[in-house]
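For reference, run34.csv (CSV, C-alpha atoms and all ligand atoms):
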chain,number,residue,atom,x,y,z
A,1,MET,CA,-1.2,22.2,-36.9
A,2,ALA,CA,1.9,20.8,-38.5
A,3,PRO,CA,2.1,17.0,-38.4
A,4,LEU,CA,5.3,16.9,-36.4
A,5,ARG,CA,3.8,19.2,-33.7
A,6,SER,CA,0.6,17.0,-33.6
A,7,MET,CA,2.8,13.9,-33.3
A,8,LEU,CA,4.8,15.5,-30.4
A,9,LEU,CA,1.6,16.6,-28.7
A,10,LEU,CA,0.1,13.1,-29.0
A,11,SER,CA,3.3,11.4,-27.7
A,12,LEU,CA,3.4,13.8,-24.8
A,13,THR,CA,-0.3,13.1,-24.0
A,14,VAL,CA,0.2,9.4,-24.2
A,15,PHE,CA,3.3,9.6,-22.1
A,16,ILE,CA,1.5,11.7,-19.4
A,17,PHE,CA,-1.5,9.4,-19.4
A,18,THR,CA,0.4,6.1,-19.3
A,19,SER,CA,2.9,7.4,-16.7
A,20,CYS,CA,-0.1,8.0,-14.3
A,21,ARG,CA,-1.4,4.5,-14.7
A,22,ALA,CA,-0.4,1.7,-12.4
A,23,ASP,CA,-1.3,-1.9,-13.5
A,24,PRO,CA,-1.7,-2.6,-17.2
A,25,ASP,CA,-5.2,-2.7,-18.7
A,26,PRO,CA,-7.1,-6.1,-18.8
A,27,LEU,CA,-7.4,-7.9,-22.2
A,28,GLN,CA,-10.6,-9.8,-21.2
A,29,ASP,CA,-13.7,-9.4,-19.0
A,30,PHE,CA,-12.0,-11.2,-16.0
A,31,CYS,CA,-9.1,-13.4,-15.2
A,32,VAL,CA,-9.8,-14.8,-11.7
A,33,ALA,CA,-6.4,-15.7,-10.3
A,34,ASP,CA,-5.3,-19.3,-9.9
A,35,LEU,CA,-3.2,-18.7,-6.8
A,36,LYS,CA,-2.0,-22.3,-6.8
A,37,SER,CA,-0.6,-22.4,-10.3
A,38,ASP,CA,3.0,-23.3,-10.8
A,39,ILE,CA,3.2,-20.9,-13.7
A,40,THR,CA,4.8,-17.6,-12.7
A,41,VAL,CA,3.8,-14.5,-14.8
A,42,ASN,CA,3.4,-10.8,-14.1
A,43,GLY,CA,0.3,-11.3,-12.0
A,44,PHE,CA,-1.4,-14.7,-11.9
A,45,PRO,CA,-2.7,-17.0,-14.5
A,46,CYS,CA,-6.5,-17.2,-14.9
A,47,LYS,CA,-8.7,-20.0,-13.5
A,48,PRO,CA,-10.6,-21.8,-16.4
A,49,ALA,CA,-13.8,-19.8,-17.0
A,50,SER,CA,-15.8,-23.0,-16.4
A,51,ASN,CA,-14.6,-22.9,-12.8
A,52,VAL,CA,-15.4,-19.2,-12.2
A,53,ALA,CA,-18.4,-18.6,-9.9
A,54,SER,CA,-20.1,-15.6,-8.3
A,55,LYS,CA,-18.1,-16.0,-5.1
A,56,ASP,CA,-15.0,-15.1,-7.0
A,57,PHE,CA,-16.3,-11.5,-7.4
A,58,PHE,CA,-17.2,-10.9,-3.7
A,59,PHE,CA,-15.1,-10.5,-0.6
A,60,SER,CA,-16.2,-10.2,3.0
A,61,GLY,CA,-12.7,-9.8,4.6
A,62,LEU,CA,-13.1,-6.1,5.1
A,63,ALA,CA,-16.3,-6.5,7.1
A,64,VAL,CA,-14.4,-7.7,10.1
A,65,ALA,CA,-12.4,-5.4,12.5
A,66,GLY,CA,-8.7,-6.4,12.6
A,67,ASN,CA,-6.9,-7.2,15.8
A,68,THR,CA,-4.9,-4.1,16.9
A,69,ILE,CA,-3.2,-5.7,19.9
A,70,ASN,CA,0.4,-5.5,18.7
A,71,MET,CA,3.4,-3.1,19.0
A,72,PHE,CA,1.9,-0.6,16.5
A,73,GLY,CA,-1.7,-0.7,17.7
A,74,SER,CA,-2.9,-1.2,14.2
A,75,ASN,CA,-4.1,-3.8,11.7
A,76,ILE,CA,-4.4,-3.6,8.0
A,77,THR,CA,-6.6,-6.2,6.3
A,78,ALA,CA,-5.5,-6.4,2.7
A,79,GLY,CA,-8.1,-7.0,0.0
A,80,SER,CA,-5.5,-7.5,-2.7
A,81,VAL,CA,-5.4,-10.2,-5.4
A,82,GLN,CA,-3.7,-12.5,-2.9
A,83,THR,CA,-6.9,-12.6,-0.7
A,84,PHE,CA,-9.4,-11.6,-3.4
A,85,PRO,CA,-8.4,-13.5,-6.6
A,86,GLY,CA,-11.2,-11.9,-8.7
A,87,LEU,CA,-9.1,-8.7,-8.7
A,88,ASN,CA,-6.4,-10.3,-11.0
A,89,THR,CA,-5.7,-8.1,-14.0
A,90,LEU,CA,-8.3,-5.4,-13.0
A,91,GLY,CA,-5.7,-3.0,-11.5
A,92,LEU,CA,-7.7,-2.4,-8.3
A,93,SER,CA,-7.6,-3.4,-4.6
A,94,MET,CA,-8.7,-2.1,-1.2
A,95,ASN,CA,-7.7,-2.4,2.4
A,96,ARG,CA,-9.3,-1.9,5.8
A,97,VAL,CA,-7.1,0.0,8.3
A,98,ASP,CA,-8.0,-0.4,12.0
A,99,LEU,CA,-6.2,1.8,14.5
A,100,ALA,CA,-6.5,1.6,18.3
A,101,PRO,CA,-6.4,4.9,20.1
A,102,GLY,CA,-2.8,6.1,19.7
A,103,GLY,CA,-2.1,3.3,17.2
A,104,VAL,CA,-0.2,4.0,14.0
A,105,ASN,CA,0.0,2.3,10.6
A,106,PRO,CA,3.7,2.9,10.5
A,107,LEU,CA,5.7,4.8,7.9
A,108,HIS,CA,5.5,2.8,4.7
A,109,SER,CA,5.2,3.1,0.9
A,110,HIS,CA,3.5,1.2,-2.0
A,111,PRO,CA,5.8,0.8,-4.9
A,112,HIS,CA,3.1,-0.3,-7.4
A,113,ALA,CA,0.2,2.1,-6.6
A,114,SER,CA,-1.3,5.4,-5.5
A,115,GLU,CA,-3.7,5.2,-2.6
A,116,ILE,CA,-7.0,6.9,-1.8
A,117,GLY,CA,-8.6,6.6,1.6
A,118,PHE,CA,-11.9,7.3,3.3
A,119,VAL,CA,-12.3,7.5,7.1
A,120,VAL,CA,-15.4,5.6,8.3
A,121,GLN,CA,-14.8,5.8,12.0
A,122,GLY,CA,-12.9,8.1,14.4
A,123,GLU,CA,-10.2,10.5,13.2
A,124,MET,CA,-6.6,10.1,12.2
A,125,LEU,CA,-3.6,12.2,11.3
A,126,VAL,CA,-2.6,11.2,7.8
A,127,GLY,CA,0.7,12.3,6.3
A,128,PHE,CA,3.1,11.7,3.5
A,129,ILE,CA,6.5,13.2,2.5
A,130,SER,CA,7.2,14.3,-1.1
A,131,THR,CA,10.5,13.6,-3.0
A,132,ALA,CA,11.3,17.3,-2.2
A,133,ASP,CA,11.1,16.4,1.5
A,134,VAL,CA,7.9,18.4,2.1
A,135,PHE,CA,5.6,16.8,4.8
A,136,TYR,CA,1.9,17.1,3.9
A,137,SER,CA,-0.6,16.1,6.6
A,138,LYS,CA,-4.1,16.7,8.0
A,139,VAL,CA,-6.3,15.2,10.8
A,140,VAL,CA,-8.9,13.4,8.7
A,141,LYS,CA,-12.4,12.8,10.2
A,142,VAL,CA,-15.3,10.6,9.4
A,143,GLY,CA,-16.6,11.0,5.9
A,144,GLU,CA,-13.4,12.7,4.7
A,145,SER,CA,-10.8,11.4,2.2
A,146,PHE,CA,-7.1,11.5,1.5
A,147,ILE,CA,-4.7,10.6,-1.2
A,148,ILE,CA,-1.2,9.3,-1.2
A,149,PRO,CA,0.8,9.5,-4.4
A,150,ARG,CA,2.5,6.3,-5.6
A,151,GLY,CA,5.7,5.3,-3.9
A,152,LEU,CA,5.7,8.1,-1.3
A,153,ILE,CA,6.3,7.3,2.4
A,154,HIS,CA,3.1,7.8,4.5
A,155,PHE,CA,1.3,6.8,7.7
A,156,GLN,CA,-2.0,7.0,9.6
A,157,TYR,CA,-2.0,7.8,13.3
A,158,ASN,CA,-5.1,7.7,15.5
A,159,THR,CA,-5.5,11.1,17.2
A,160,GLY,CA,-8.9,10.3,18.6
A,161,LYS,CA,-10.2,8.6,21.7
A,162,GLU,CA,-12.0,5.8,19.9
A,163,ASN,CA,-10.9,3.2,17.4
A,164,GLY,CA,-10.2,4.6,14.0
A,165,VAL,CA,-11.2,2.8,10.8
A,166,ALA,CA,-10.4,3.8,7.2
A,167,ILE,CA,-11.0,2.0,3.9
A,168,THR,CA,-8.2,2.5,1.4
A,169,ALA,CA,-8.1,1.7,-2.3
A,170,PHE,CA,-5.3,1.3,-4.8
A,171,ASN,CA,-4.8,1.4,-8.6
A,172,SER,CA,-3.1,-1.9,-8.5
A,173,GLN,CA,-4.2,-5.5,-7.7
A,174,LEU,CA,-1.1,-5.8,-5.5
A,175,PRO,CA,0.2,-2.4,-4.3
A,176,GLY,CA,3.1,-3.9,-2.4
A,177,VAL,CA,4.1,-2.5,0.9
A,178,VAL,CA,7.6,-1.4,2.2
A,179,LEU,CA,7.3,-0.9,5.9
A,180,ALA,CA,10.2,1.4,6.9
A,181,PRO,CA,11.0,0.0,10.3
A,182,LEU,CA,10.8,-3.6,9.3
A,183,THR,CA,12.6,-3.1,6.0
A,184,LEU,CA,15.5,-1.1,7.5
A,185,PHE,CA,16.0,-2.9,10.8
A,186,GLY,CA,14.3,-6.3,10.3
A,187,SER,CA,15.5,-7.5,6.9
A,188,LYS,CA,16.9,-11.1,6.6
A,189,PRO,CA,19.8,-11.1,6.3
A,190,SER,CA,20.2,-7.7,7.9
A,191,ILE,CA,21.7,-4.6,6.3
A,192,PRO,CA,25.4,-4.3,7.3
A,193,ILE,CA,25.6,-2.3,10.5
A,194,ASP,CA,28.3,0.0,9.0
A,195,VAL,CA,25.8,1.0,6.3
A,196,LEU,CA,23.2,1.8,8.9
A,197,THR,CA,25.5,3.7,11.3
A,198,LYS,CA,26.9,5.8,8.4
A,199,THR,CA,23.4,6.3,6.9
A,200,PHE,CA,21.8,7.5,10.1
A,201,GLN,CA,25.0,9.0,11.7
A,202,VAL,CA,24.5,7.2,15.0
A,203,ASP,CA,26.4,4.7,17.1
A,204,ALA,CA,26.1,1.0,16.5
A,205,SER,CA,24.3,0.7,19.9
A,206,VAL,CA,21.4,2.8,18.5
A,207,ILE,CA,21.1,0.5,15.4
A,208,GLN,CA,21.3,-2.6,17.6
A,209,LEU,CA,18.5,-1.3,19.7
A,210,LEU,CA,16.3,-0.7,16.6
A,211,MET,CA,17.3,-4.2,15.2
A,212,SER,CA,16.3,-5.8,18.5
A,213,LYS,CA,12.9,-4.1,18.3
A,214,PHE,CA,12.2,-4.8,14.6
A,215,GLY,CA,14.2,-8.0,13.9
A,216,GLN,CA,11.3,-10.2,15.0
A,217,ALA,CA,8.4,-7.7,14.5
A,218,THR,CA,5.5,-8.8,12.5
A,219,SER,CA,3.9,-6.6,9.9
A,220,PRO,CA,0.5,-5.1,10.7
A,221,TYR,CA,-0.5,-5.9,7.1
A,222,ASN,CA,-2.3,-9.3,6.7
B,1,LIG,C1,-2.9,2.6,4.3
B,1,LIG,O1,-2.0,3.4,4.2
B,1,LIG,C2,-2.9,1.4,3.6
B,1,LIG,O2,-1.8,1.0,3.0
B,1,LIG,O3,-3.9,0.7,3.5
B,2,MN,MN,-0.6,2.8,2.6

Spit out the file's structure as structure tokens when you get a sec.
Amino acid sequence: MAPLRSMLLLSLTVFIFTSCRADPDPLQDFCVADLKSDITVNGFPCKPASNVASKDFFFSGLAVAGNTINMFGSNITAGSVQTFPGLNTLGLSMNRVDLAPGGVNPLHSHPHASEIGFVVQGEMLVGFISTADVFYSKVVKVGESFIIPRGLIHFQYNTGKENGVAITAFNSQLPGVVLAPLTLFGSKPSIPIDVLTKTFQVDASVIQLLMSKFGQATSPYN
């Protein structure tokens, strides 16, 4: 094959490969996050290796059911670098999603990561919307899995009679979460009402109602 064609093929392969990755690759075995450091970098600085212990690589936070008594009937326990500092630089994290019957993990997206999930209890309708405005969804049952491509708006809604539990995993140590209702109607300071009425083509009273619901709402992620 001509060198130019090989170069083009290689560049394309590298481009496709790197554009599917989320966090950058680690440059060392581990870099347990020093969450208290004053130094701000892309991620967190490492604790000195002499202070690293076995406990830095284990996390029991997902063993405990979250409290779903809130307006959404859901709780998402985050196992990200912020709660599990051993994940720093490893490009991985996982959450536990607890849904009461009828509860929803509300419409949200993760700017930094794709998501894969596994249902361990109950059943849930899982859906996401593509950039072409196509809605993909399925009722996912115990033992079944789902994926959510990076950045797309998605949700889980408990369609069963018992509590639903899923474990989700991400190709980022900190996937980030943009919760649609809280972002749009609960930001501080709030988005100008004229922007929201024009965007959603409704009267100011509708926007005020939504702001009154979500202005003080707390995120189910913790
Ligand atoms: C589920 O969608 C999660 O973000 O954990
Ligand atoms: Mn999610």

Surroundings of ligand LIG 1 (chain B) up to 8 Å, based on all atoms listed in the file, as a list of chain:residue names: A:Ile76, A:Thr77, A:Ala78, A:Met94, A:Asn95, A:Arg96, A:Val97, A:Asn105, A:His108, A:Ser109, A:His110, A:Glu115, A:Gly117, A:His154, A:Phe155, A:Gln156, A:Ile167, A:Thr168, A:Ala169, A:Val177

Non-local contacts of Pro45 of chain A (8 Å; only C-alpha atoms; under 2 positions in same chain excluded) as a PyMOL selection string: chain A and resi 31-35+37+39-41+43+47

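For the choices A:Phe57, A:Tyr136, A:Tyr157, A:Phe72, the atom-to-atom distance to Gly122 of chain A is smallest for A:Tyr157 when using only C-alpha atoms.
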
Counting all atoms listed in the file, the residue of A:Ser114, A:Thr68, A:Thr131, A:Thr218 that sits nearest ligand MN 2 (chain B): A:Ser114

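Taking atom CA of Val206 of chain A and atom CA of Pro181 of chain A as endpoints, the distance between them is 13.5 Å.
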
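The space separating atom CA of Gly186 of chain A from atom CA of Met211 of chain A comes to 6.1 Å.
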
Surrounding residues of Gly86 of chain A excluding itself and chain neighbours under 4 positions, 10 Å, all atoms listed in the file, as a PyMOL selection string: chain A and resi 30-34+46-47+52-59+80-82+90+173
